[in-house]
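Structure file work_1.txt (compact mmCIF, C-alpha atoms) is printed below.
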# COMPACT_ATOMS: atom_id res chain seq x y z
CA MET A 1043 28.00 108.24 197.75
CA PRO A 1044 31.62 107.31 198.54
CA THR A 1045 32.42 103.84 199.83
CA ASP A 1046 33.65 103.57 203.43
CA ILE A 1047 36.90 101.58 203.48
CA PHE A 1048 38.60 100.02 206.49
CA VAL A 1049 41.99 98.30 206.06
CA SER A 1050 44.18 96.73 208.71
CA VAL A 1051 47.35 94.64 208.68
CA GLN A 1052 47.77 93.10 212.10
CA THR A 1053 49.09 90.25 214.22
CA GLU A 1054 45.87 89.99 216.25
CA THR A 1055 43.29 87.40 215.31
CA LEU A 1056 40.13 88.33 213.45
CA ASN A 1057 36.59 87.07 212.98
CA SER A 1058 33.55 88.00 210.92
CA GLN A 1059 31.97 90.06 213.70
CA MET A 1060 35.12 92.18 213.99
CA LEU A 1061 35.10 92.75 210.23
CA GLU A 1062 31.42 93.57 210.06
CA GLN A 1063 31.61 96.14 212.85
CA HIS A 1064 33.59 98.31 210.41
CA LEU A 1065 30.82 98.28 207.80
CA ASN A 1066 28.43 101.17 207.29
CA LEU A 1067 25.06 99.43 207.34
CA THR A 1068 22.76 102.17 206.11
CA GLY A 1069 19.15 101.59 205.10
CA ALA A 1070 20.28 101.17 201.49
CA VAL A 1071 22.36 98.07 202.33
CA GLY A 1072 20.64 94.82 201.38
CA ALA A 1073 23.62 92.44 201.51
CA VAL A 1074 26.69 91.79 203.60
CA VAL A 1075 29.11 89.18 202.30
CA THR A 1076 32.05 88.06 204.41
CA PHE A 1077 34.98 85.84 203.54
CA ILE A 1078 37.52 84.50 206.04
CA GLY A 1079 40.58 82.63 204.79
CA VAL A 1080 42.20 80.20 207.23
CA VAL A 1081 45.54 78.38 207.39
CA ARG A 1082 45.17 74.85 206.01
CA ASP A 1083 47.36 71.76 206.31
CA HIS A 1084 48.54 71.80 202.71
CA GLY A 1085 49.73 74.29 200.14
CA ASP A 1086 52.79 73.93 197.96
CA ARG A 1087 53.67 71.03 200.29
CA PRO A 1088 51.36 68.38 201.78
CA ASP A 1089 52.57 68.63 205.40
CA VAL A 1090 52.07 72.26 206.37
CA VAL A 1091 51.71 72.99 210.11
CA GLY A 1092 51.77 76.79 209.91
CA LEU A 1093 52.61 79.91 207.98
CA ARG A 1094 54.73 82.98 208.48
CA LEU A 1095 53.77 86.19 206.69
CA GLU A 1096 55.82 89.32 206.23
CA HIS A 1097 54.90 92.61 204.63
CA TYR A 1098 56.21 96.06 203.77
CA ALA A 1099 54.72 98.23 206.53
CA GLY A 1100 53.02 101.39 205.34
CA MET A 1101 53.16 100.40 201.68
CA THR A 1102 51.01 97.29 202.22
CA GLU A 1103 48.15 99.24 203.79
CA LYS A 1104 48.29 101.84 201.02
CA ILE A 1105 48.10 99.19 198.29
CA LEU A 1106 45.29 97.30 200.04
CA ARG A 1107 43.31 100.54 200.36
CA GLN A 1108 43.87 101.23 196.64
CA SER A 1109 42.57 97.77 195.72
CA CYS A 1110 39.45 98.42 197.82
CA GLN A 1111 39.01 101.73 196.04
CA HIS A 1112 39.24 99.93 192.66
CA ALA A 1113 36.49 97.54 193.81
CA ALA A 1114 34.37 100.52 194.88
CA GLU A 1115 34.81 102.05 191.41
CA ARG A 1116 33.59 98.83 189.74
CA TRP A 1117 30.59 98.05 191.97
CA PRO A 1118 28.20 100.24 194.02
CA LEU A 1119 29.41 99.32 197.50
CA ALA A 1120 28.46 100.96 200.78
CA SER A 1121 31.57 99.79 202.63
CA ILE A 1122 34.51 97.39 202.65
CA ALA A 1123 36.51 96.00 205.56
CA LEU A 1124 39.73 94.17 204.69
CA VAL A 1125 42.01 92.72 207.37
CA HIS A 1126 45.16 90.70 206.73
CA ARG A 1127 47.30 89.11 209.38
CA ILE A 1128 51.08 88.92 209.53
CA GLY A 1129 53.49 86.96 211.68
CA ALA A 1130 53.31 83.29 212.63
CA LEU A 1131 49.97 81.53 212.15
CA LEU A 1132 48.91 77.98 213.04
CA LEU A 1133 46.55 75.59 211.28
CA GLY A 1134 42.95 76.72 211.45
CA GLU A 1135 43.78 80.32 212.32
CA PRO A 1136 42.24 83.07 210.20
CA ILE A 1137 44.81 84.62 207.88
CA MET A 1138 42.64 87.28 206.29
CA GLY A 1139 39.09 88.51 206.01
CA ILE A 1140 37.00 90.72 203.77
CA ALA A 1141 33.49 92.00 204.42
CA VAL A 1142 31.53 93.99 201.86
CA ALA A 1143 28.19 95.77 202.25
CA SER A 1144 26.13 96.71 199.21
CA ALA A 1145 22.55 97.11 198.07
CA HIS A 1146 22.69 93.82 196.14
CA ARG A 1147 24.35 90.50 196.94
CA GLN A 1148 25.92 89.94 193.53
CA ASP A 1149 27.89 93.18 193.75
CA ALA A 1150 29.18 92.12 197.17
CA PHE A 1151 30.12 88.62 195.99
CA ASP A 1152 31.87 89.99 192.89
CA ALA A 1153 33.78 92.58 194.91
CA ILE A 1154 35.05 89.94 197.32
CA GLN A 1155 36.17 87.68 194.45
CA PHE A 1156 37.93 90.63 192.83
CA LEU A 1157 39.68 91.55 196.09
CA MET A 1158 40.73 87.95 196.75
CA ASP A 1159 42.22 87.67 193.27
CA PHE A 1160 44.12 90.90 193.92
CA LEU A 1161 45.39 89.65 197.29
CA LYS A 1162 46.63 86.36 195.83
CA ASN A 1163 48.59 88.15 193.09
CA ASP A 1164 49.54 91.73 193.87
CA ALA A 1165 49.41 92.40 197.58
CA PRO A 1166 52.89 92.92 199.04
CA PHE A 1167 52.93 89.96 201.41
CA TRP A 1168 55.58 87.29 201.54
CA LYS A 1169 54.43 83.92 202.79
CA GLN A 1170 56.40 80.97 204.08
CA GLU A 1171 55.05 77.49 204.75
CA ILE A 1172 56.33 75.69 207.83
CA THR A 1173 56.27 71.89 207.52
CA LYS A 1174 56.05 69.08 210.08
CA SER A 1175 59.80 68.55 209.77
CA GLY A 1176 60.40 72.19 210.70
CA ASP A 1177 61.54 73.13 207.21
CA ILE A 1178 60.46 76.52 205.92
CA PHE A 1179 59.67 77.21 202.26
CA TRP A 1180 58.74 80.43 200.47
CA VAL A 1181 55.37 80.20 198.70
CA GLU A 1182 55.53 80.89 194.98
CA GLN A 1183 52.83 82.65 192.98
CA LYS A 1184 50.61 80.21 191.11
CA THR A 1185 49.52 80.37 187.48
CA SER A 1186 45.95 79.51 188.53
CA ASP A 1187 45.84 82.62 190.75
CA GLN A 1188 47.10 84.80 187.89
CA ASN A 1189 44.50 83.27 185.55
CA ALA A 1190 41.75 84.04 188.08
CA LYS A 1191 42.88 87.65 188.29
CA ASN A 1192 42.94 88.01 184.50
CA ARG A 1193 39.16 87.59 184.31
CA TRP A 1194 38.74 91.09 185.73
Could the structure of this file be written out as structure tokens, please?
Amino acid sequence: MPTDIFVSVQTETLNSQMLEQHLNLTGAVGAVVTFIGVVRDHGDRPDVVGLRLEHYAGMTEKILRQSCQHAAERWPLASIALVHRIGALLLGEPIMGIAVASAHRQDAFDAIQFLMDFLKNDAPFWKQEITKSGDIFWVEQKTSDQNAKNRW
């Protein structure tokens, strides 16, 4: 059975209920795992007050959908919902979310880890940190994120 995949890149906020409404919860589904990433007060710098994200419209959605398809090829998943925000975001706001439905929880947990490692390394987003002083800095890719991805 093919995996239902929902992908959105948007400026609007998101929450777990919005993600989960895009899942196909058939009788075979025994687990739904949801992850929401939020803007925190530190990153490459210790005084972050917000983020700004840019993307390559059209291409980003295509690549996100492909990554979801790769997850569906690795694990038996009923459905995946992946939403990533763009634009200006403040501390505590959700930046992205993934929900996965599957027959077994471990498949759902593994698929979310796999998708997060993809997002941190290969998704075509460009992120800037905005600091308390008003300075803006591009966020660089981290070796630890690449190492996490290499386990797959």
Under the rule of at most 12 Å, produce a per-residue listing of region 1131-1181 of chain A near region 1052-1068 of chain A: chain, number, name, the closest pair of atoms, and the distance in Å, as a Markdown table, using all atoms listed in the file.
| residue | atom | partner | partner_atom | distance |
| --- | --- | --- | --- | --- |
| A:Leu1131 | CA | A:Thr1053 | CA | 9.0 |
| A:Leu1132 | CA | A:Thr1055 | CA | 11.2 |
| A:Gly1134 | CA | A:Thr1055 | CA | 11.4 |
| A:Glu1135 | CA | A:Thr1055 | CA | 7.7 |
| A:Pro1136 | CA | A:Leu1056 | CA | 6.5 |
| A:Ile1137 | CA | A:Thr1055 | CA | 8.1 |
| A:Met1138 | CA | A:Leu1056 | CA | 7.7 |
| A:Gly1139 | CA | A:Leu1061 | CA | 7.2 |
| A:Ile1140 | CA | A:Leu1061 | CA | 7.0 |
| A:Ala1141 | CA | A:Leu1061 | CA | 6.1 |
| A:Val1142 | CA | A:Leu1065 | CA | 7.4 |
| A:Ala1143 | CA | A:Leu1065 | CA | 6.6 |
| A:Ser1144 | CA | A:Leu1067 | CA | 8.6 |
| A:Ala1145 | CA | A:Thr1068 | CA | 9.5 |
Compare A:Gln1183, A:Val1074, A:Phe1151, A:Ala1130 by their minimum atom-to-atom distance to Ala1113 (chain A), counting all atoms listed in the file, and give me the closest one.
A:Phe1151
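When CA of Leu1119 (chain A) is paired with CA of Thr1045 (chain A), their separation reads 5.9 Å.
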For Trp1194 (chain A), please output as a list of chain:residue names all residues within 12 Å (counting only C-alpha atoms; exclusion window: fewer than 6 positions along the same chain).
A:His1112, A:Ala1113, A:Arg1116, A:Asp1152, A:Ala1153, A:Gln1155, A:Phe1156, A:Leu1157, A:Met1158, A:Asp1159, A:Phe1160, A:Gln1188
Go ahead and write the selection's residues with C-alpha atoms as a PDB file, keeping the file's coordinate frame.
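The resulting file, selection16.pdb, is reproduced below:
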ATOM      1  CA  HIS A1112      39.240  99.930 192.660  1.00  0.00           C
ATOM      2  CA  ALA A1113      36.490  97.540 193.810  1.00  0.00           C
ATOM      3  CA  ARG A1116      33.590  98.830 189.740  1.00  0.00           C
ATOM      4  CA  ASP A1152      31.870  89.990 192.890  1.00  0.00           C
ATOM      5  CA  ALA A1153      33.780  92.580 194.910  1.00  0.00           C
ATOM      6  CA  GLN A1155      36.170  87.680 194.450  1.00  0.00           C
ATOM      7  CA  PHE A1156      37.930  90.630 192.830  1.00  0.00           C
ATOM      8  CA  LEU A1157      39.680  91.550 196.090  1.00  0.00           C
ATOM      9  CA  MET A1158      40.730  87.950 196.750  1.00  0.00           C
ATOM     10  CA  ASP A1159      42.220  87.670 193.270  1.00  0.00           C
ATOM     11  CA  PHE A1160      44.120  90.900 193.920  1.00  0.00           C
ATOM     12  CA  GLN A1188      47.100  84.800 187.890  1.00  0.00           C
TER      13      GLN A1188
END
Please list, as JSON, numbers by chain, the residues that have an atom at most 9 Å away from (50.2, 84.2, 205.3) in the coordinates of this file, counting only C-alpha atoms.
{"A": [1081, 1092, 1093, 1094, 1095, 1096, 1126, 1127, 1128, 1129, 1130, 1131, 1137, 1138, 1167, 1168, 1169, 1170, 1171]}
Can you work out which one of A:Pro1044, A:Val1075, A:Pro1088, A:Asn1189 has the shortest atom-to-atom distance to Glu1115 (chain A), counting all atoms listed in the file?
A:Pro1044
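Among the candidates A:Ile1047, A:Gln1148, A:Lys1174, A:Ala1120, the one nearest to Asp1083 (chain A) when counting all atoms listed in the file is A:Lys1174.
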One decimal, in Å: what's the spacing between CA of Tyr1098 (chain A) and CA of Val1125 (chain A)?
15.0 Å
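Among the candidate residues A:Lys1162, A:Arg1087, A:Arg1107, A:Arg1082, the one lying nearest to Ile1178 (chain A) is A:Arg1087, with distances computed using all atoms listed in the file.
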What is the CA of Val1071 (chain A)-CA of Leu1106 (chain A) distance in Å, reported with one decimal?
23.1 Å
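Nearest to His1097 (chain A) of all the residues A:Leu1133, A:Val1051, A:Ile1154, A:Val1181 is A:Val1051, based on only C-alpha atoms.
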Final N, CA and C atoms of region 1075-1091 of chain A as a short mmCIF file (atom, residue, chain, number, x, y, z; two decimals), keeping the file's coordinate frame:
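Saved result, part32.cif, follows:
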data_model
loop_
_atom_site.label_atom_id
_atom_site.label_comp_id
_atom_site.auth_asym_id
_atom_site.auth_seq_id
_atom_site.Cartn_x
_atom_site.Cartn_y
_atom_site.Cartn_z
N VAL A 1075 28.41 90.42 202.61
CA VAL A 1075 29.11 89.18 202.30
C VAL A 1075 30.46 89.23 202.98
N THR A 1076 30.80 88.14 203.66
CA THR A 1076 32.05 88.06 204.41
C THR A 1076 32.80 86.82 204.00
N PHE A 1077 34.11 86.97 203.84
CA PHE A 1077 34.98 85.84 203.54
C PHE A 1077 36.12 85.84 204.54
N ILE A 1078 36.38 84.67 205.13
CA ILE A 1078 37.52 84.50 206.04
C ILE A 1078 38.37 83.38 205.46
N GLY A 1079 39.64 83.66 205.21
CA GLY A 1079 40.58 82.63 204.79
C GLY A 1079 41.34 82.11 206.00
N VAL A 1080 41.52 80.80 206.08
CA VAL A 1080 42.20 80.20 207.23
C VAL A 1080 43.41 79.39 206.76
N VAL A 1081 44.35 79.17 207.67
CA VAL A 1081 45.54 78.38 207.39
C VAL A 1081 45.13 76.92 207.30
N ARG A 1082 45.51 76.26 206.20
CA ARG A 1082 45.17 74.85 206.01
C ARG A 1082 46.44 73.99 206.06
N ASP A 1083 46.25 72.68 206.11
CA ASP A 1083 47.36 71.76 206.31
C ASP A 1083 48.11 71.39 205.04
N HIS A 1084 47.80 72.04 203.95
CA HIS A 1084 48.54 71.80 202.71
C HIS A 1084 48.58 73.08 201.89
N GLY A 1085 49.56 73.16 201.04
CA GLY A 1085 49.73 74.29 200.14
C GLY A 1085 50.64 73.82 199.03
N ASP A 1086 51.81 74.42 198.93
CA ASP A 1086 52.79 73.93 197.96
C ASP A 1086 53.33 72.57 198.41
N ARG A 1087 53.24 72.30 199.70
CA ARG A 1087 53.67 71.03 200.29
C ARG A 1087 52.51 70.40 201.05
N PRO A 1088 52.51 69.05 201.17
CA PRO A 1088 51.36 68.38 201.78
C PRO A 1088 51.38 68.32 203.31
N ASP A 1089 52.43 68.81 203.95
CA ASP A 1089 52.57 68.63 205.40
C ASP A 1089 52.77 69.95 206.14
N VAL A 1090 51.96 70.92 205.78
CA VAL A 1090 52.07 72.26 206.37
C VAL A 1090 51.48 72.25 207.79
N VAL A 1091 52.21 72.86 208.73
CA VAL A 1091 51.71 72.99 210.11
C VAL A 1091 51.50 74.46 210.49
#
